[in-house]
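One structure below.
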Amino acid sequence: MGAPTTPATTGKPPRPIPGVPPANRALARPRRRLVAAAAALVALVAVGAGSLLDLRTPAPKPADAPAGAFSAGRAYEHVQVIAARPHVAGSPANEQVRAHLEQQLRGLGLETEVQDTVAPEAGQLSGAAGGATVARVRNVVARLPGTNSTGRVFLVAHYDSVQTGPGGNDDAAGTSTILEVARALTTGPRPRNDIVFVLTDAEEACLCGAAAFAASHPLAADGGVVLNLEARGSTGPVIMFETSRNNAKLVDIFGRAAPHPVGTSFAVEIYRALPNDTDFTAFLDQKFVGLNSAYIDGGAIYHTPLDTPAAMDRGSLQQHGDNALGLARAFGGTDLTDLRSGHDATYFPVPGGLVRYPGWLTLPLALLAVALVAALGWLTRRSGRASTGRLAAGFALALVPIVVAPVAAQLLWLAITKIRPGYAELLDPYRPIWYRLAVLALATAILFTWYALTRRRIGPAALAVGGLAWLALLGVLLAVAVPGGAYLTTVPALAGALGGLVALRTRQNGPWPVVAVTAAAAVGVVILLPTVVLLFPALGMAMGGVAALVAVLLGLTALPVVDLLHPQAGGQRGLLALRARRLAALPAGAAAVAAVVLAGVGLGVDRFDAAHPAPTHLMYAMDVDTGQARWLSHESDPQPWTDGYVDGVTDVGDEFPGLGGGELRVGPAPAANLPAPKLDVLADATSGGERTLRLRLTPQRAARLATLHVDTSTASVLRAEVAGRSVPVEPRAGKWGFGLVFHAPPTEGIEVVLVVRPIGGQVALRVMDASDGLDALPGFRPRPPAVGVVGSHSSEMLAVARTYPI
C-alpha cells in the first residue's frame, strides 16, 4: 500500500508522524482524491434528490379528469361545502354538512342511512379528563354491494370539525376523498367485495362515532378491512402511519396497489407507543384490520381558524384520493377471508416503490450486520489500517456526535422559543423550513468538527468502523425493542460493512474502493434522508433532536466519503500539517455558520402577523352558586394578549370538575347573565342501602357538551347509566370522585341513572355545560389581527356550573 508521497519539490521520502502509523489510512485511498470526492458527492446528491423527489405529492387532476379517476378538483368542491365554517358535533352547521353527505351518496345510487345513537368514547382523548365520556352521534353510512363478497372494505373519515376551525384539512380532506372515491367506484364495474363508506361524527370530541359504528352497526358485525383517512396539517405526502397487528399481507397490498406508497414500519412503531388516537383506534378495539393514512406537514394550522379550504395543498388531496381509490379497488377484488399473516412486515419507501420484508428477519439481519462489521474491523486491523486500540477508540468516540447532535438541536430550539415563546403553543412553526435546515446544519457541523478533531489521531479507517459498529449495535437494540425501526440502522450498517470489505479487498489505487464506499453510503441516504425529512413534521421542531440524531447516523454511514473531503491522513509536517488541519476545519466551520444564519433567517421570516397569528388560549368559566366568573388559560407563559386576562395560577378542578384537574392561569372576569344547566329528579328510590336516582340534565343554552359529577364525600357511585347505556364507574381523585361528559347533548336533555350508596343525608351533584365563543361576554376584548387561537379542544370555551344537593 505504501506511505503517501511528499510534494515533488522536497525530493525526500516521508517522515513518520509520532503516534500515527504510516499505514493508518482510510478504507478508500484514491490516487486522484479531489476527483473521487467530487464524483462521490455528485452521486450521493443525485441519490438524495431522487429519494426526496419521490416524496413529492402528485399534480392535482382537474374537475374534468376521466370519470374512473380520482380528481382533486372534483373533491375540492366538496371541501368548500364541508369546511365552509366550524361544524362541531351536534351543531346546526354539522347538520348541514351531514345533509350534503347524504345527498351526494344517495345521488350515486348507494344504499345510505344515518346511524343515530348514543355511544361511549374510544381511546383516551381529552374528554376523559372529566370522567366517563359519551356522545350523541349521527354517522352517515353508505354501501356499494359487491358481486361475490368475501368480506367488507370500510373507507372511513370523520365529518365533524373542532370548535376553533372549519376543518378544511381535518377532516374535510378525508370526507371529500371518500365522496370522490365513491363516485369513481360507481362509474365502473362493481367490485367483488362490499365497499362501505363510513363518515363518522364526534371524532374530535371522543371518537364516539367510530366507536358506535364498529361496536353496534350491523355492517360491522363481521369485521373487515378499514382504510381510515386523516389530515394533521395542510400539505406534504400522505403517509400510511398506522396498521393493525400482523400487517404483512396488508402492507404487501399497500405496496402494490397504492400509486404513491409512502409509509414506514418505524412510523407504525412510534405511533403505537404514543398516546394518540384517531377513528382507526375504535376499529382496532373491535378486531378489524386495516391501514391509517394522513398528511401531516403544515401543522401550525391544525385545529385552528386557519384550517380553511384555501389552506389545503391539493397535491396532498390528490395523493389521498389516488391511494384510497387504488386500495379500495385492490381490497375490493381480494379474498378477505384471511389478511392476518402472523407477523408484522418491515417496510420503507425507496424511489419507485416500497421495500418490504418479513418482520421475523429483523433480528437475524441485525446480528448479521454486527458480524459483518466485526469482520470489517478484523480485516482493517489485519491490513494495517488501524490497531486494536484505535478501533476501540474509534468505537468509543463515535458515540460523541450521536449524543451531542440531538442535545445541541434541542438546546437550539430552546433558545429559539425563548426568543419567540409563541412557538410553544404550535405543533410546528408556520414556516419551519429554515429551522429544519438549521438543525441539519448544526448536526453536520458537530459531525464534521468531531471528525476533524479525531481523524488525525485515531485514523479514518478506525472511525469509519466505529461508526458502523454503533449502527449495527443500535440495530440489535431496535430489533429487540422497536422491531419496525431496526432497518434504519441495520440496513445501512450491512451496506457499509459490505462496502468496506469490498474496498479493502480491491486495488486501492483503482476506482473500485471509492465506488464501493459510495454505493454503501447511497444505501444510507436512501433509507435515512427521507426519514429525516418525515420526522420533522411528524414530531415537530420541539423534538428536532430526533431528526438530528438520524442525520448524524446518516453521516456515520458516509464517513469514508466524508473522508475524501479531507487531506490524506498521515505524512504531513509543519506548514503542510497546519494547512491540512485548516482545510479539514472548513466543512465544519461552514456548517456551523450555516446553522446560525439559517436560524436567524427563520426568526426573521417566520414572524407572527395577521396571516400567521400568535396562538393564544382563553376560556371563561362561571360558578352560578357564587356568582363569580374567571378567565382561564392553559398557556404556561402567557402571550401579552392573554396576560391581560390572567394574573395568577390555581387549580379549578373543585369548581369546574368538567374541565379536568391541573393548574391553569386564572384572572377575575365579570359575571355574565347565563343560565346553568337544569337538573330534574325524575325518580328517587332507596332499597337495601342503595339509592337510585333517575335524573334529566338539560342545558339551557346551545351547548357543545354537558357534564355531571358526584361529590363522593356525600355518596359513592355503584352503577351509572346515560341515555340507557351503562358507563364505567371509575373513581377519580379529588372531591368529585365520579363524573361523566356528554358531547352533543340533545335539546330535550340527557337522562342519567345513578345508583349510589349515600354517606350523608343529601347527595351533592355538580353540573356544567359548555358552549363556544367569547365575543359577547362582558369584559372580552377582541384579539388584534396578529393574535390567533390555539388549536385546543377547550379554546374559546364558555362554561357555566352549578351544584344541586338532592
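Please note that chains go A, B, ... in the order of the C-alpha cells, that every chain numbers its residues from 1, and that ligands are numbered from 1 in the order shown.
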
*Tell me which protein, DNA and RNA residues are within 12 Å of Val251 in chain A, counting only C-alpha atoms, leaving out same-chain ones fewer than 6 positions away, and put them as an MDAnalysis selection string.*
chainID A and resid 240:245 257:258 261:265 268 289:292 327 331 339:341 343:349 354:359

Resulting file, chosen residues, N, CA, C and O atoms, as a short mmCIF file (atom, residue, chain, number, x, y, z; two decimals), in the first residue's frame:
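Printed below is selection-v7.cif as written:
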data_model
loop_
_atom_site.label_atom_id
_atom_site.label_comp_id
_atom_site.auth_asym_id
_atom_site.auth_seq_id
_atom_site.Cartn_x
_atom_site.Cartn_y
_atom_site.Cartn_z
N MET A 240 -48.83 6.45 5.25
CA MET A 240 -49.55 5.36 5.91
C MET A 240 -48.79 5.09 7.21
O MET A 240 -47.75 4.44 7.22
N PHE A 241 -49.33 5.61 8.32
CA PHE A 241 -48.57 5.68 9.56
C PHE A 241 -49.01 4.69 10.63
O PHE A 241 -48.38 4.61 11.68
N GLU A 242 -50.08 3.94 10.40
CA GLU A 242 -50.55 3.00 11.42
C GLU A 242 -51.22 1.83 10.73
O GLU A 242 -51.88 1.98 9.71
N THR A 243 -51.02 0.65 11.31
CA THR A 243 -51.67 -0.56 10.80
C THR A 243 -52.18 -1.37 11.97
O THR A 243 -51.81 -1.15 13.12
N SER A 244 -53.01 -2.33 11.65
CA SER A 244 -53.36 -3.34 12.64
C SER A 244 -52.17 -4.28 12.82
O SER A 244 -51.19 -4.25 12.05
N ARG A 245 -52.21 -5.12 13.84
CA ARG A 245 -51.12 -6.07 14.11
C ARG A 245 -51.08 -7.14 13.01
O ARG A 245 -52.05 -7.37 12.31
N ALA A 257 -50.66 -1.73 -4.54
CA ALA A 257 -51.87 -1.09 -5.06
C ALA A 257 -51.90 0.42 -4.92
O ALA A 257 -52.58 1.09 -5.70
N ALA A 258 -51.21 0.97 -3.90
CA ALA A 258 -51.22 2.43 -3.74
C ALA A 258 -50.31 3.05 -4.78
O ALA A 258 -49.13 2.70 -4.86
N PRO A 261 -47.01 4.98 -2.60
CA PRO A 261 -46.93 4.33 -1.28
C PRO A 261 -45.82 4.91 -0.40
O PRO A 261 -44.65 4.57 -0.53
N VAL A 262 -46.19 5.79 0.50
CA VAL A 262 -45.25 6.33 1.48
C VAL A 262 -45.66 5.81 2.85
O VAL A 262 -46.79 6.05 3.30
N GLY A 263 -44.77 5.11 3.49
CA GLY A 263 -45.06 4.57 4.81
C GLY A 263 -43.85 3.83 5.32
O GLY A 263 -43.04 3.33 4.54
N THR A 264 -43.69 3.78 6.63
CA THR A 264 -42.57 3.07 7.23
C THR A 264 -43.04 2.28 8.43
O THR A 264 -43.93 2.72 9.17
N SER A 265 -42.44 1.13 8.64
CA SER A 265 -42.75 0.35 9.83
C SER A 265 -42.27 1.07 11.09
O SER A 265 -42.81 0.85 12.18
N VAL A 268 -45.11 3.23 12.30
CA VAL A 268 -46.13 2.42 12.96
C VAL A 268 -45.73 2.14 14.41
O VAL A 268 -46.54 2.24 15.33
N VAL A 289 -59.02 -5.16 10.80
CA VAL A 289 -57.68 -4.95 10.29
C VAL A 289 -57.71 -3.75 9.36
O VAL A 289 -58.78 -3.35 8.88
N GLY A 290 -56.53 -3.17 9.09
CA GLY A 290 -56.56 -2.06 8.16
C GLY A 290 -55.37 -1.16 8.25
O GLY A 290 -54.35 -1.46 8.89
N LEU A 291 -55.50 -0.01 7.56
CA LEU A 291 -54.42 0.95 7.39
C LEU A 291 -54.95 2.35 7.71
O LEU A 291 -56.09 2.68 7.40
N ASN A 292 -54.09 3.18 8.29
CA ASN A 292 -54.44 4.54 8.68
C ASN A 292 -53.48 5.50 7.97
O ASN A 292 -52.25 5.32 8.05
N LEU A 327 -56.42 1.43 -3.32
CA LEU A 327 -56.56 0.42 -2.27
C LEU A 327 -57.99 -0.13 -2.21
O LEU A 327 -58.19 -1.32 -1.96
N PHE A 331 -58.39 -4.08 -2.45
CA PHE A 331 -59.07 -4.85 -1.41
C PHE A 331 -60.46 -5.28 -1.87
O PHE A 331 -60.96 -6.33 -1.46
N LEU A 339 -56.51 -11.99 6.14
CA LEU A 339 -55.48 -10.98 5.85
C LEU A 339 -54.47 -10.85 6.99
O LEU A 339 -53.60 -10.00 6.95
N ARG A 340 -54.61 -11.70 7.99
CA ARG A 340 -53.63 -11.68 9.08
C ARG A 340 -52.52 -12.67 8.75
O ARG A 340 -52.77 -13.83 8.45
N SER A 341 -51.28 -12.21 8.83
CA SER A 341 -50.16 -13.03 8.37
C SER A 341 -49.37 -13.67 9.50
O SER A 341 -48.46 -14.45 9.24
N HIS A 343 -47.35 -12.07 11.45
CA HIS A 343 -46.21 -11.22 11.79
C HIS A 343 -46.36 -9.86 11.12
O HIS A 343 -47.09 -9.70 10.14
N ASP A 344 -45.66 -8.88 11.67
CA ASP A 344 -45.60 -7.57 11.05
C ASP A 344 -44.50 -7.55 10.00
O ASP A 344 -43.50 -8.27 10.11
N ALA A 345 -44.67 -6.71 9.00
CA ALA A 345 -43.64 -6.52 7.99
C ALA A 345 -42.75 -5.34 8.37
O ALA A 345 -43.17 -4.42 9.07
N THR A 346 -41.51 -5.39 7.92
CA THR A 346 -40.64 -4.22 7.94
C THR A 346 -40.70 -3.61 6.55
O THR A 346 -40.57 -4.32 5.56
N TYR A 347 -40.90 -2.29 6.49
CA TYR A 347 -41.05 -1.67 5.18
C TYR A 347 -40.63 -0.21 5.25
O TYR A 347 -40.67 0.43 6.31
N PHE A 348 -40.24 0.32 4.09
CA PHE A 348 -39.84 1.73 3.99
C PHE A 348 -39.86 2.12 2.53
O PHE A 348 -39.73 1.27 1.63
N PRO A 349 -40.02 3.43 2.25
CA PRO A 349 -40.11 3.87 0.86
C PRO A 349 -38.72 4.01 0.23
O PRO A 349 -37.75 4.40 0.89
N LEU A 354 -41.99 0.60 -2.53
CA LEU A 354 -41.92 0.32 -1.10
C LEU A 354 -41.16 -0.99 -0.90
O LEU A 354 -41.59 -2.04 -1.39
N VAL A 355 -40.03 -0.93 -0.21
CA VAL A 355 -39.30 -2.15 0.15
C VAL A 355 -39.99 -2.77 1.36
O VAL A 355 -40.35 -2.08 2.30
N ARG A 356 -40.16 -4.08 1.35
CA ARG A 356 -40.78 -4.75 2.47
C ARG A 356 -40.20 -6.16 2.61
O ARG A 356 -39.88 -6.81 1.62
N TYR A 357 -40.05 -6.58 3.85
CA TYR A 357 -39.60 -7.94 4.11
C TYR A 357 -40.17 -8.40 5.44
O TYR A 357 -40.59 -7.57 6.27
N PRO A 358 -40.22 -9.71 5.68
CA PRO A 358 -40.88 -10.22 6.89
C PRO A 358 -40.21 -9.72 8.17
O PRO A 358 -38.98 -9.63 8.26
N GLY A 359 -41.04 -9.41 9.14
CA GLY A 359 -40.51 -8.92 10.40
C GLY A 359 -39.63 -9.91 11.13
O GLY A 359 -38.75 -9.52 11.90
#

Go through range 601-692 of chain A and flag each residue having an atom no more than 10 Å from range 757-770 of chain A; for those, report the closest pair of atoms plus their distance in Å to one decimal, using only C-alpha atoms, ordered by chain and rising number, as a tab-separated table.
residue	atom	partner	partner_atom	distance
A:Tyr620	CA	A:Ala770	CA	9.5
A:Ala621	CA	A:Ala770	CA	8.8
A:Met622	CA	A:Met768	CA	9.5
A:Asp623	CA	A:Met768	CA	9.1
A:Val624	CA	A:Met768	CA	10.0
A:Asp654	CA	A:Arg766	CA	9.7
A:Glu655	CA	A:Arg766	CA	8.7
A:Phe656	CA	A:Met768	CA	7.5
A:Pro657	CA	A:Arg766	CA	8.1
A:Gly658	CA	A:Met768	CA	6.8
A:Leu659	CA	A:Met768	CA	9.4
A:Pro675	CA	A:Asp769	CA	9.7
A:Ala676	CA	A:Met768	CA	7.1
A:Pro677	CA	A:Asp769	CA	6.3
A:Lys678	CA	A:Val767	CA	8.2
A:Leu679	CA	A:Val767	CA	7.8
A:Thr686	CA	A:Arg757	CA	9.4
A:Gly688	CA	A:Arg757	CA	9.5
A:Gly689	CA	A:Arg757	CA	6.3
A:Glu690	CA	A:Arg757	CA	5.0
A:Arg691	CA	A:Arg757	CA	6.1
A:Thr692	CA	A:Arg757	CA	8.9

*Do a neighbour search on Val752 in chain A at 12 Å with only C-alpha atoms, toss out local chain neighbours closer than 4 positions, and write the hits as number ranges by chain.*
A: 134, 679-683, 692-698, 706-709, 719-727, 739-742

Write the selection just made, keeping C-alpha atoms, as an mmCIF file, in the first residue's frame?
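So selection.cif came out as:
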data_model
loop_
_atom_site.group_PDB
_atom_site.id
_atom_site.type_symbol
_atom_site.label_atom_id
_atom_site.label_comp_id
_atom_site.auth_asym_id
_atom_site.auth_seq_id
_atom_site.Cartn_x
_atom_site.Cartn_y
_atom_site.Cartn_z
ATOM 1 C CA VAL A 134 -70.366 9.552 25.739
ATOM 2 C CA LEU A 679 -81.144 19.053 36.723
ATOM 3 C CA ASP A 680 -84.544 17.457 37.315
ATOM 4 C CA VAL A 681 -85.204 14.432 39.537
ATOM 5 C CA LEU A 682 -87.458 12.051 37.605
ATOM 6 C CA ALA A 683 -87.402 9.278 40.224
ATOM 7 C CA THR A 692 -81.371 5.058 42.760
ATOM 8 C CA LEU A 693 -81.663 8.497 41.192
ATOM 9 C CA ARG A 694 -83.178 8.942 37.748
ATOM 10 C CA LEU A 695 -82.253 12.418 36.550
ATOM 11 C CA ARG A 696 -82.595 14.607 33.497
ATOM 12 C CA LEU A 697 -79.773 17.021 32.712
ATOM 13 C CA THR A 698 -80.893 19.743 30.311
ATOM 14 C CA ALA A 706 -72.600 18.850 29.418
ATOM 15 C CA THR A 707 -71.061 17.239 32.486
ATOM 16 C CA LEU A 708 -72.294 15.772 35.765
ATOM 17 C CA HIS A 709 -70.145 14.942 38.791
ATOM 18 C CA ARG A 719 -73.564 1.981 38.894
ATOM 19 C CA ALA A 720 -74.419 4.549 36.247
ATOM 20 C CA GLU A 721 -76.359 4.775 33.010
ATOM 21 C CA VAL A 722 -76.552 7.556 30.437
ATOM 22 C CA ALA A 723 -79.329 7.502 27.843
ATOM 23 C CA GLY A 724 -79.897 3.846 28.694
ATOM 24 C CA ARG A 725 -76.226 2.924 28.249
ATOM 25 C CA SER A 726 -74.069 1.701 31.124
ATOM 26 C CA VAL A 727 -70.917 3.709 31.693
ATOM 27 C CA GLY A 739 -68.039 12.177 36.563
ATOM 28 C CA LEU A 740 -69.440 11.878 33.085
ATOM 29 C CA VAL A 741 -69.137 14.038 29.984
ATOM 30 C CA PHE A 742 -71.831 14.098 27.309
#

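Interatomic distance, CA of Ile82 in chain A against CA of Ala142 in chain A: 17.7 Å.
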
_Secondary structure check, strand (DSSP E) residues of range 406-639 of chain A, as a PyMOL selection string_ = chain A and resi 614-616+619-623+628-633

*Name all residues at most 12 Å from Gly165 in chain A (count only C-alpha atoms; drop same-chain ones fewer than 4 positions away) and give them as a PyMOL selection string.*
chain A and resi 82-88+160-161+169-172+204+301-309+311+772-773+788-793+795-796

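With only C-alpha atoms as the atoms that count, the residue of A:Gly353, A:Gly146, A:Pro218, A:Pro537 with the shortest distance to Gly333 in chain A is A:Gly146.
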
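Nearest to Ala220 in chain A of all the residues A:Leu55, A:Ala591, A:Leu411, A:Val198 is A:Val198, based on only C-alpha atoms.
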
For range 596-606 of chain A: contacts at 8 Å, only C-alpha atoms, fewer than 6 positions along chain excluded, given as a PDB file with N, CA and C atoms, in the first residue's frame:
ATOM      1  N   ILE A 416     -34.494  29.333  20.599  1.00  0.00           N
ATOM      2  CA  ILE A 416     -35.422  29.981  19.664  1.00  0.00           C
ATOM      3  C   ILE A 416     -36.766  30.245  20.331  1.00  0.00           C
ATOM      4  N   ARG A 420     -38.940  33.506  20.758  1.00  0.00           N
ATOM      5  CA  ARG A 420     -40.281  33.516  20.180  1.00  0.00           C
ATOM      6  C   ARG A 420     -41.146  32.545  20.973  1.00  0.00           C
ATOM      7  N   PRO A 429     -43.672  25.603  13.607  1.00  0.00           N
ATOM      8  CA  PRO A 429     -43.779  26.980  13.126  1.00  0.00           C
ATOM      9  C   PRO A 429     -44.544  27.046  11.806  1.00  0.00           C
ATOM     10  N   TYR A 430     -45.037  28.234  11.494  1.00  0.00           N
ATOM     11  CA  TYR A 430     -45.753  28.402  10.229  1.00  0.00           C
ATOM     12  C   TYR A 430     -44.844  28.124   9.031  1.00  0.00           C
ATOM     13  N   ARG A 431     -43.599  28.596   9.104  1.00  0.00           N
ATOM     14  CA  ARG A 431     -42.640  28.394   8.012  1.00  0.00           C
ATOM     15  C   ARG A 431     -41.403  27.714   8.599  1.00  0.00           C
ATOM     16  N   PRO A 432     -41.487  26.396   8.788  1.00  0.00           N
ATOM     17  CA  PRO A 432     -40.444  25.697   9.547  1.00  0.00           C
ATOM     18  C   PRO A 432     -39.183  25.358   8.766  1.00  0.00           C
ATOM     19  N   ILE A 433     -39.177  25.529   7.445  1.00  0.00           N
ATOM     20  CA  ILE A 433     -38.083  25.016   6.636  1.00  0.00           C
ATOM     21  C   ILE A 433     -36.735  25.562   7.081  1.00  0.00           C
ATOM     22  N   TRP A 434     -36.671  26.842   7.460  1.00  0.00           N
ATOM     23  CA  TRP A 434     -35.391  27.425   7.860  1.00  0.00           C
ATOM     24  C   TRP A 434     -34.878  26.788   9.144  1.00  0.00           C
ATOM     25  N   TYR A 435     -35.760  26.540  10.075  1.00  0.00           N
ATOM     26  CA  TYR A 435     -35.343  25.912  11.332  1.00  0.00           C
ATOM     27  C   TYR A 435     -34.929  24.459  11.105  1.00  0.00           C
ATOM     28  N   LEU A 437     -33.608  23.250   8.376  1.00  0.00           N
ATOM     29  CA  LEU A 437     -32.274  23.297   7.765  1.00  0.00           C
ATOM     30  C   LEU A 437     -31.220  23.688   8.797  1.00  0.00           C
ATOM     31  N   ALA A 438     -31.583  24.557   9.741  1.00  0.00           N
ATOM     32  CA  ALA A 438     -30.629  24.936  10.782  1.00  0.00           C
ATOM     33  C   ALA A 438     -30.240  23.736  11.633  1.00  0.00           C
TER      34      ALA A 438
END

*Looking only at the backbone, which of the residues in range 546-707 of chain A does DSSP tag as helix (DSSP H, G or I), as a ChimeraX atom specification?*
/A:546-557,559-563,574-605,640-643,657-659

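You can rank A:Thr616, A:Thr388, A:Ser771, A:Gly255 by their closest distance to Gly326 in chain A using only C-alpha atoms, and at the top of that list sits A:Gly255.
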
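For range 376-379 of chain A, the residues within 7 Å (counting only C-alpha atoms, excluding itself and residues fewer than 2 positions away along the chain) are Leu372, Val373, Ala374, Arg381, Arg382, Ser383, Val465, Ala497, Gly500 and Leu501 of chain A.
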
With N, CA and C atoms retained, export the selected residues as a JSON list (two decimals), in the first residue's frame.
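File produced: part-v6.json:
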[["chain", "number", "residue", "atom", "x", "y", "z"],
["A", 372, "LEU", "N", -20.77, -8.71, 10.25],
["A", 372, "LEU", "CA", -20.05, -8.13, 9.11],
["A", 372, "LEU", "C", -19.20, -6.94, 9.54],
["A", 373, "VAL", "N", -19.71, -6.13, 10.46],
["A", 373, "VAL", "CA", -18.90, -5.01, 10.95],
["A", 373, "VAL", "C", -17.70, -5.54, 11.73],
["A", 374, "ALA", "N", -17.90, -6.61, 12.50],
["A", 374, "ALA", "CA", -16.77, -7.22, 13.20],
["A", 374, "ALA", "C", -15.74, -7.74, 12.20],
["A", 381, "ARG", "N", -7.79, -4.19, 10.77],
["A", 381, "ARG", "CA", -6.61, -4.38, 11.61],
["A", 381, "ARG", "C", -5.56, -5.21, 10.89],
["A", 382, "ARG", "N", -6.00, -6.26, 10.22],
["A", 382, "ARG", "CA", -5.06, -7.14, 9.53],
["A", 382, "ARG", "C", -4.33, -6.41, 8.40],
["A", 383, "SER", "N", -5.05, -5.48, 7.73],
["A", 383, "SER", "CA", -4.41, -4.76, 6.63],
["A", 383, "SER", "C", -3.51, -3.64, 7.11],
["A", 465, "VAL", "N", -15.12, 2.36, 10.94],
["A", 465, "VAL", "CA", -15.57, 1.10, 11.53],
["A", 465, "VAL", "C", -16.33, 1.36, 12.83],
["A", 497, "ALA", "N", -20.71, -2.15, 5.91],
["A", 497, "ALA", "CA", -19.73, -3.21, 6.14],
["A", 497, "ALA", "C", -19.35, -3.90, 4.84],
["A", 500, "GLY", "N", -17.16, -1.55, 2.84],
["A", 500, "GLY", "CA", -15.81, -1.51, 3.40],
["A", 500, "GLY", "C", -15.01, -2.75, 3.07],
["A", 501, "LEU", "N", -15.64, -3.91, 3.16],
["A", 501, "LEU", "CA", -14.94, -5.16, 2.83],
["A", 501, "LEU", "C", -14.51, -5.18, 1.37]]

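Relative to CA of Thr200 in chain A, CA of Val141 in chain A is found at 8.3 Å.
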
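Of the residues listed (A:Ala328, A:Ala132, A:Val137, A:Leu368), A:Ala132 shows the shortest atom-to-atom separation from Gly737 in chain A; distances use only C-alpha atoms.
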
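Using only C-alpha atoms, the residues found no farther than 8 Å from Arg665 in chain A, other than those of its own chain fewer than 6 positions away, are Leu632, Ser633, His634, Glu635, Ser636, Val646, Asp647, Gly648, Val649 and Thr650 of chain A.
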
Written selection (all heavy atoms) as a short mmCIF file (atom, residue, chain, number, x, y, z; two decimals), in the first residue's frame:
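What ended up in out.cif:
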data_model
loop_
_atom_site.label_atom_id
_atom_site.label_comp_id
_atom_site.auth_asym_id
_atom_site.auth_seq_id
_atom_site.Cartn_x
_atom_site.Cartn_y
_atom_site.Cartn_z
N LEU A 632 -59.70 31.77 32.18
CA LEU A 632 -58.77 30.66 32.36
C LEU A 632 -57.93 30.49 31.11
O LEU A 632 -58.41 30.72 29.99
CB LEU A 632 -59.53 29.36 32.63
CG LEU A 632 -60.56 29.37 33.77
CD1 LEU A 632 -61.34 28.06 33.76
CD2 LEU A 632 -59.88 29.58 35.11
N SER A 633 -56.69 30.06 31.30
CA SER A 633 -55.81 29.82 30.14
C SER A 633 -54.86 28.68 30.46
O SER A 633 -54.36 28.55 31.58
CB SER A 633 -55.01 31.07 29.80
OG SER A 633 -54.13 30.81 28.71
N HIS A 634 -54.59 27.87 29.40
CA HIS A 634 -53.61 26.78 29.52
C HIS A 634 -52.19 27.26 29.24
O HIS A 634 -51.25 26.49 29.40
CB HIS A 634 -53.95 25.66 28.53
CG HIS A 634 -55.07 24.78 28.97
ND1 HIS A 634 -55.03 24.06 30.14
CD2 HIS A 634 -56.26 24.49 28.40
CE1 HIS A 634 -56.14 23.36 30.27
NE2 HIS A 634 -56.92 23.61 29.24
N GLU A 635 -52.03 28.49 28.78
CA GLU A 635 -50.69 28.95 28.40
C GLU A 635 -49.76 28.96 29.61
O GLU A 635 -50.06 29.56 30.64
CB GLU A 635 -50.76 30.35 27.79
CG GLU A 635 -51.49 30.42 26.47
CD GLU A 635 -51.54 31.83 25.92
OE1 GLU A 635 -50.52 32.53 25.97
OE2 GLU A 635 -52.62 32.24 25.46
N SER A 636 -48.62 28.29 29.48
CA SER A 636 -47.66 28.27 30.59
C SER A 636 -46.92 29.60 30.70
O SER A 636 -46.58 30.04 31.80
CB SER A 636 -46.67 27.12 30.40
OG SER A 636 -46.03 27.22 29.13
N VAL A 646 -55.33 37.11 32.65
CA VAL A 646 -54.96 36.22 33.76
C VAL A 646 -53.82 36.83 34.55
O VAL A 646 -52.95 37.49 33.99
CB VAL A 646 -54.58 34.82 33.24
CG1 VAL A 646 -55.78 34.16 32.57
CG2 VAL A 646 -53.42 34.88 32.25
N ASP A 647 -53.86 36.59 35.85
CA ASP A 647 -52.83 37.19 36.70
C ASP A 647 -52.33 36.24 37.78
O ASP A 647 -51.64 36.66 38.70
CB ASP A 647 -53.35 38.48 37.34
CG ASP A 647 -54.64 38.26 38.15
OD1 ASP A 647 -55.01 37.08 38.36
OD2 ASP A 647 -55.26 39.25 38.56
N GLY A 648 -52.72 34.98 37.72
CA GLY A 648 -52.27 34.03 38.73
C GLY A 648 -52.40 32.61 38.25
O GLY A 648 -52.76 32.36 37.09
N VAL A 649 -52.11 31.67 39.14
CA VAL A 649 -52.18 30.25 38.81
C VAL A 649 -52.95 29.54 39.90
O VAL A 649 -52.71 29.77 41.09
CB VAL A 649 -50.76 29.63 38.68
CG1 VAL A 649 -50.86 28.14 38.39
CG2 VAL A 649 -49.96 30.33 37.60
N THR A 650 -53.89 28.68 39.51
CA THR A 650 -54.63 27.90 40.50
C THR A 650 -55.20 26.65 39.84
O THR A 650 -55.21 26.53 38.61
CB THR A 650 -55.77 28.73 41.13
OG1 THR A 650 -56.27 28.04 42.27
CG2 THR A 650 -56.90 28.94 40.13
#

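Reported to one decimal place, the separation of CA of Ala330 in chain A from CA of Ala67 in chain A is 18.2 Å.
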